[in-house]
Structure formats: C-alpha cells, structure tokens
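**Student:** Dropping the structure in here first, questions after.
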Amino acid sequence: MASETARMDAKESIVIFTEFFENNCIDKIASTNSVLEVGFDSLSKWNIDLANELLANPEDTIKAAEIALKSIDITEDKELSVWFVGLPKSQQKNIWQVRKNDIGGMLGLRGIINKISPITPICKSAKFECPTCGSITTILQTDTAFKEPSKCSCGRKGRMIMLHKEMEDTIKLGLIDDLMEEDNADRSIAREKLSILSGDNLTSQDIDRRLKPGKKVIINGYFKYMQKANSKEFDLVFQANSIEFVEVGWDTVKVNKTEERQIKELAKQDDIIERLSDSIADVEGFKEVKAACLLLLAGAPHMHDKNKHLVSRGTIHVLLIGNPGTGKSFLAKRAGAISPLHYFQSAATASGKGLVASVVKDPDIDGYAVYPGVVVMASKGVATIDEIDKTNKDDYGDHNNAMNECEVTIAKANIKARLEADTSYLATANPEHRVFTTFEPYHEQIAMPKDFQDRFDIIFPMMPSDKAEERDRIMDIMLERHIGDEEQKKWNPEFTHEFIRKYIAYCRRANPKPKVSRELFKTIKKRLSELMRPKDEEQVKVSYRHLESIMRFAYASARLRLRDITESDIDLAFSLKFASFKELGIIDISGAYNWSVEEGVQEEKISDDKVIHDILKEMLPDTSALAEIQEIVNACIKKGIEEEKVDEYIEKKKMMGDFIEPKRGFLKRM
C-alpha cells in the first residue's frame, strides 16, 4: 500500500495537522487530558491528501500528528495521544480478509476479543555511555530482542554502560473473526491475530476495565512484519493506534417513523403475541413453545437492590426437549436468529468448557488466557445451544452461574476473572433414552442435574402429534422443501423476521420496565396456589422460583404490548407454566400438582426419613441421653422401615456430626 502512494513530506504533514487541530479541535483538546479522537471523515474533509497519507503510511503520519499536537500552546502540560477513528469501510477488515497488500497501511481490524495478556512493561529506547570517550548512544528498541550498541564512534568495541531505559506499558490482545457478522456468513473457521496496545492511554485503567473476553471491537492501527527466529517465515503483529468498542444487541436495531407507528397500532391488538409467535418458524403446532420463544426474545428487566446487586435476573431461559425429528432444533434456530446478537453451538461438539469459557495456556501472551465461549459472546443476546444434555458434567456449575447471575466467574491457574453473560439460553435436548417412553413421566426422563433444570424458566416436551391431519400437514411442510423453487409453495408468515426483530427492539426501548400494581398481587398469589394445588392436603408446597419465572413472562408480555402488566399478561404466563407442567407430568390428569415429581425426590424416602428422625428424637431427646443402636433399629422396623435404610440414615447423620458413637453399638446426640 505504501509503495502505491507518493509520500508526503513529514514537515508538510506536521504543518497541515497543526492547522487542522487549531481550526477544528481546540475545544476538544482543552477538555481532555489523555486522548484526542479524530474522525477520519473530518480529516479527509480538511485535507484529502493528508487523509490518504494516513491510510498509506500510518506509522510516520501518526508521529507527525503527535508532534503537531504538542506544538499547540494549550497542550503544554498534557500527555495527549491522537486516536484516529471511523476509518472508511474500505479500510475495515475482518481478520480472515487480511493479505500481504494490507501490511503497513492503516486498517480498522474488526473482531471479538478472545484473550488478554497482563500489562507488560517494554523498553522503547535505551541510552548507553561509552566508558572510554563518554559519548552517549540512543538505541530504539523496535524488535523483540533487546539491542545494545556494538561499538562507539570513537572506535571502542564491547559493552557500554546503560544510563537510562524509556519504558511503556503494553497489553497483548487476541482478536478472532465474528462468524455471526454478515460479511462472514460463509466462513466456517474464525481466524485470529494478535494486537499490541501500547502507551499510557491504550493501557489506561479505563480501557483495561473495558477489555473483556467476548467483547466486539474495532482496533485501528497497522500490521508490522516480525521475522520468526531462524526462519524465512514472518509473523504479523497489529500495532494499535485506537480502539472502538462496538455496541451490540437490541439497541443497535433501527426503527423508522413509519415502522414505529405500525408497531404502536399492532401493540394494541389483543392477539398480537399469538400472531408474532406464529411467524417465528415454519413448524406446525407448538403454539405455547413459540410464545415462550417470543417472550424469551422480549425479555424482562433486571431487578437490583439499593446496593445495585442483582436480585432477580431479566433473562429468560427456555429448554425444548423431545424425540429427534420433532422440529425442536429447527424452531430454536429460527427463534434465536431473530435476536440481533445470537450464537448457535451444539454441546456435543463443544470442546471442554467451550460453551461458557475456558482457561488455556497461550504462547502468544506467555501465560494463561481466558477464552470466551458462545454464552459469553452472546451477552445481550441469545445463545442457542443444541443437545445441551451432552454438556460435560463439570461445566454445569458455570452454566448455573451464567444463567442465574448473568456472569461467569473463573478461578483457575493464575487467572481470576468475571465475564459478563447477560445471555438468554434457548436450548434443546433429547430425552435420557433418546426418545420419550410411556413407562414414566417425561419429567423423569430428562438426563440433566436438577439444579441445572431449575435454571430454565420453562421446559417444554415437544412430542409428535397423534392427530392424522396434523401429521399430514407436518409432512407436507417437509416435502415442500424438496420441490423446485418455481413450484414450491412458499411459507408466507404474517410478519418477517426482520419486522419481528424491529418490533421487539422498539418495545424493549420504549417499555423497558413495565410496572406491576399491588392490586395484582392477590391475583398472582391465588393463581400460583391454584397452579400448585396438591393431590393431598399434606403435600402443600409452593416453589417460589416459579413465581420469578412467571413474573419474567408477564413483564415480557407487557413489554410487547407497550403498557404496564395487566391480568392478561399474568394469564399468559400461568397458561405457559400450566402447559409445561401438564406435558411433563408434574400436573396429573386431574389437575393436581405433584411436588415430589417436580423436585425429583421420592416421597417414600422423605416419609421414612421423617419416621427415623422422630424415633431418634424420642429415644435421644438431648445430649445427655444414650441409646443402643439395635434398639433404635428395632423401633424403626416396627414402623415398617427396613434395617438397611435405618443404618444408612444413622451413618449419614454421624458423618454430618449430628450424632457420635461414644462406645461400640451406642449412639449419642452431639
């Protein structure tokens, strides 16, 4: 690039920059003590030749700009850097697009941060004194190896006395391609490059705080060749001049005035949620599943206490579980893709902790690095995770934190990190035996830890229809995909995905936190008690986490209607929960809620434990009492409890420190 453009004289560059700063930037210079940001567009309007010189020969041109800036009177006591931002689209590159012709020119390198080094001081230059003649030699340290002068101008050879080193802080930043970008739609592999952030301003505390794995950035700078030791191969290192943090998520979706008026009118219509839901995917049936996916996209507000601690997340998590071929993955992909920020990953093909985050020793940064997974990269969006039941058992804890706390905490090797994970999970799974059986409730055929299942706001079993006409419609839809484009009956939903995306984005901005009135509390409590109506009076138990899920769905429903929460939003939330419980077998055909099935516990075992507990309380009322273990066992056997169960219970209580065996065969309360 540099060879194609005539070089501008350095003195001329300094003069033009000085004029540009004095005429366009005085107020900005006066108000900052660190960075003067210069938009490329404003520079090109002032002097197109200088702007082209920046693109062709950035290293020298940036130096000229900084010299010019220091010559301005009001910068006398300031250490300012010049950052060039907003490069033209022609100069913005994804990492995979970089070729040898791009080396040396100014580029805006787009990507996702995937690793960050500690702050490392490096030597920029060093001064040496000749012990014979006393002359001073300054050596610029431009290569990786530290350089010393080999001889003095006086003719003396050998080592000299080092007087001073000029140091600067650096951060090595790994960037990878964002495969979800439109330009990268046909890419299958994300390429990676290393960028160097140097100097006080690029390594400031403010920038360091904002550098997080998974964040999307544009780094403006230039590539330099660095030869590998004893090789004809060269590495490319990107020297950063400035960094731009790219906004992601729903706030990036633009809605024009015409669309805004249309959305406001649609929001008033009673059936709008059903109609939007029906336009999500070309999948027959599953009305409640589609509605839940739509509400997941709309989301709910995060709730914080007075100390700004998260007390109730707003992200909604949905799990679709069913036999292969029911359309769950197809539906999840289509729904997830409506979000402006979404990532798809199969748990079956993710390596290690690739879904959330991983810690790996990395030679580029000479230490351990945190690599973000799709859950972290999808923060402020949706992570569509296929076959989540194939998750490594050691990773469930990371998922639990991400889903409930909206962040991931890493503590491994010498790495301690907190990564943002404000991410909605839209996951699919197969039943334990790949297909559902009729021998036990569907809820008992989910082969994932109970505490992980509890993080999902709703779980929907997706079963093939038993109605012949619905099966025919499903097969027609699938067969139509094999007809040529000219003859194919196109799916023609009422709303396009683009419009649904704009509808949701507008509602999230216009109605971020719908209010709930105290008058609705009574209705909500009544509905929750009715939902969890037990099959017998002794089993009156309410799972309060479901109340949080119901409120999230109600908030999302109200958002999409551009108003505060009403009883109809509460009705929708409870109807989705009821449908889920009924399909899972948590609510039986009589409408009774079975707490033990939902919690995955055996009522018989709980009952036996209670009997043993009561007998121990009777025979060992305080810490002074002593009882023979066999007598305790005999008393339990009379109540119909097996001896083995009693022994297991006593051993467990001894391990917990509740009881001791002061002498063989006797038990005493601690």
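Identifiers in this document derive from the order of the structure tokens: chains are assigned A, B, ..., residues are numbered from 1 separately in each chain, and ligands are numbered from 1 in order of occurrence.
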Find the residues near region 121-133 of chain A: any atom within 10 Å, counting only C-alpha atoms, skip ones fewer than 5 places away on the same chain, and give them as a PyMOL selection string.

**Tutor:** chain A and resi 138-144+146-149+151-171+198-199

**Student:** Nearest residue to Asn241 (chain A) out of A:Gly214, A:Gly373, A:Gly327, A:Pro58, using only C-alpha atoms?

**Tutor:**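 The answer is A:Pro58, which sits nearest to Asn241 (chain A).
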
**Student:** Got a sec: who's within 9 Å of region 295-300 of chain A, counting only C-alpha atoms, leaving out chain neighbours fewer than 2 positions off, as a PDB file with C-alpha atoms, in the first residue's frame?

**Tutor:**
ATOM      1  CA  ILE A 273     -48.387 -12.027  20.694  1.00  0.00           C
ATOM      2  CA  SER A 277     -45.267 -16.122  17.673  1.00  0.00           C
ATOM      3  CA  LYS A 290     -43.470 -20.381  20.016  1.00  0.00           C
ATOM      4  CA  ALA A 291     -44.999 -17.942  22.501  1.00  0.00           C
ATOM      5  CA  ALA A 292     -42.334 -18.806  25.091  1.00  0.00           C
ATOM      6  CA  CYS A 293     -39.591 -18.232  22.484  1.00  0.00           C
ATOM      7  CA  HIS A 302     -33.202  -6.958  35.684  1.00  0.00           C
ATOM      8  CA  ARG A 313     -32.471 -11.608  36.518  1.00  0.00           C
ATOM      9  CA  GLY A 314     -34.428 -10.481  33.485  1.00  0.00           C
ATOM     10  CA  THR A 315     -33.047 -13.013  31.020  1.00  0.00           C
ATOM     11  CA  ILE A 316     -35.484 -15.803  30.157  1.00  0.00           C
ATOM     12  CA  HIS A 317     -34.256 -19.359  29.556  1.00  0.00           C
ATOM     13  CA  VAL A 318     -36.244 -21.965  27.612  1.00  0.00           C
ATOM     14  CA  ALA A 335     -36.253 -18.125  17.024  1.00  0.00           C
ATOM     15  CA  GLY A 336     -32.677 -17.445  18.165  1.00  0.00           C
ATOM     16  CA  ILE A 338     -34.354 -13.141  15.355  1.00  0.00           C
ATOM     17  CA  SER A 339     -32.094 -11.667  18.032  1.00  0.00           C
ATOM     18  CA  GLY A 381     -28.408 -11.641  23.061  1.00  0.00           C
ATOM     19  CA  VAL A 382     -29.325 -15.321  22.701  1.00  0.00           C
ATOM     20  CA  SER A 424     -30.763 -15.895  27.257  1.00  0.00           C
ATOM     21  CA  TYR A 425     -30.451 -19.660  26.798  1.00  0.00           C
ATOM     22  CA  LEU A 426     -32.644 -21.228  24.120  1.00  0.00           C
ATOM     23  CA  ARG A 501     -36.750  -8.040  15.349  1.00  0.00           C
ATOM     24  CA  ILE A 504     -39.143  -6.395  19.834  1.00  0.00           C
ATOM     25  CA  ALA A 505     -36.268  -3.868  19.728  1.00  0.00           C
ATOM     26  CA  CYS A 507     -40.728  -2.415  22.635  1.00  0.00           C
ATOM     27  CA  ARG A 508     -37.600  -3.127  24.699  1.00  0.00           C
ATOM     28  CA  PRO A 512     -38.052  -1.174  29.367  1.00  0.00           C
ATOM     29  CA  LYS A 513     -39.617  -1.731  32.792  1.00  0.00           C
ATOM     30  CA  PRO A 514     -43.399  -2.258  32.841  1.00  0.00           C
ATOM     31  CA  MET A 551     -43.207 -12.612  36.540  1.00  0.00           C
ATOM     32  CA  ARG A 552     -40.497 -12.624  33.849  1.00  0.00           C
ATOM     33  CA  PHE A 553     -43.001 -13.906  31.290  1.00  0.00           C
ATOM     34  CA  ALA A 554     -45.548 -11.325  32.442  1.00  0.00           C
ATOM     35  CA  TYR A 555     -43.017  -8.493  32.073  1.00  0.00           C
ATOM     36  CA  ALA A 556     -42.110  -9.701  28.578  1.00  0.00           C
ATOM     37  CA  SER A 557     -45.780  -9.891  27.584  1.00  0.00           C
ATOM     38  CA  ARG A 559     -43.339  -5.078  27.022  1.00  0.00           C
ATOM     39  CA  LEU A 560     -44.674  -6.364  23.723  1.00  0.00           C
TER      40      LEU A 560
END

**Student:** So that I can check the surroundings of Gly665 (chain A), please list as an MDAnalysis selection string every protein, DNA and RNA residue that reaches within 8 Å of it, counting only C-alpha atoms and ignoring chain neighbours fewer than 3 positions away.

**Tutor:** chainID A and resid 628:630 661
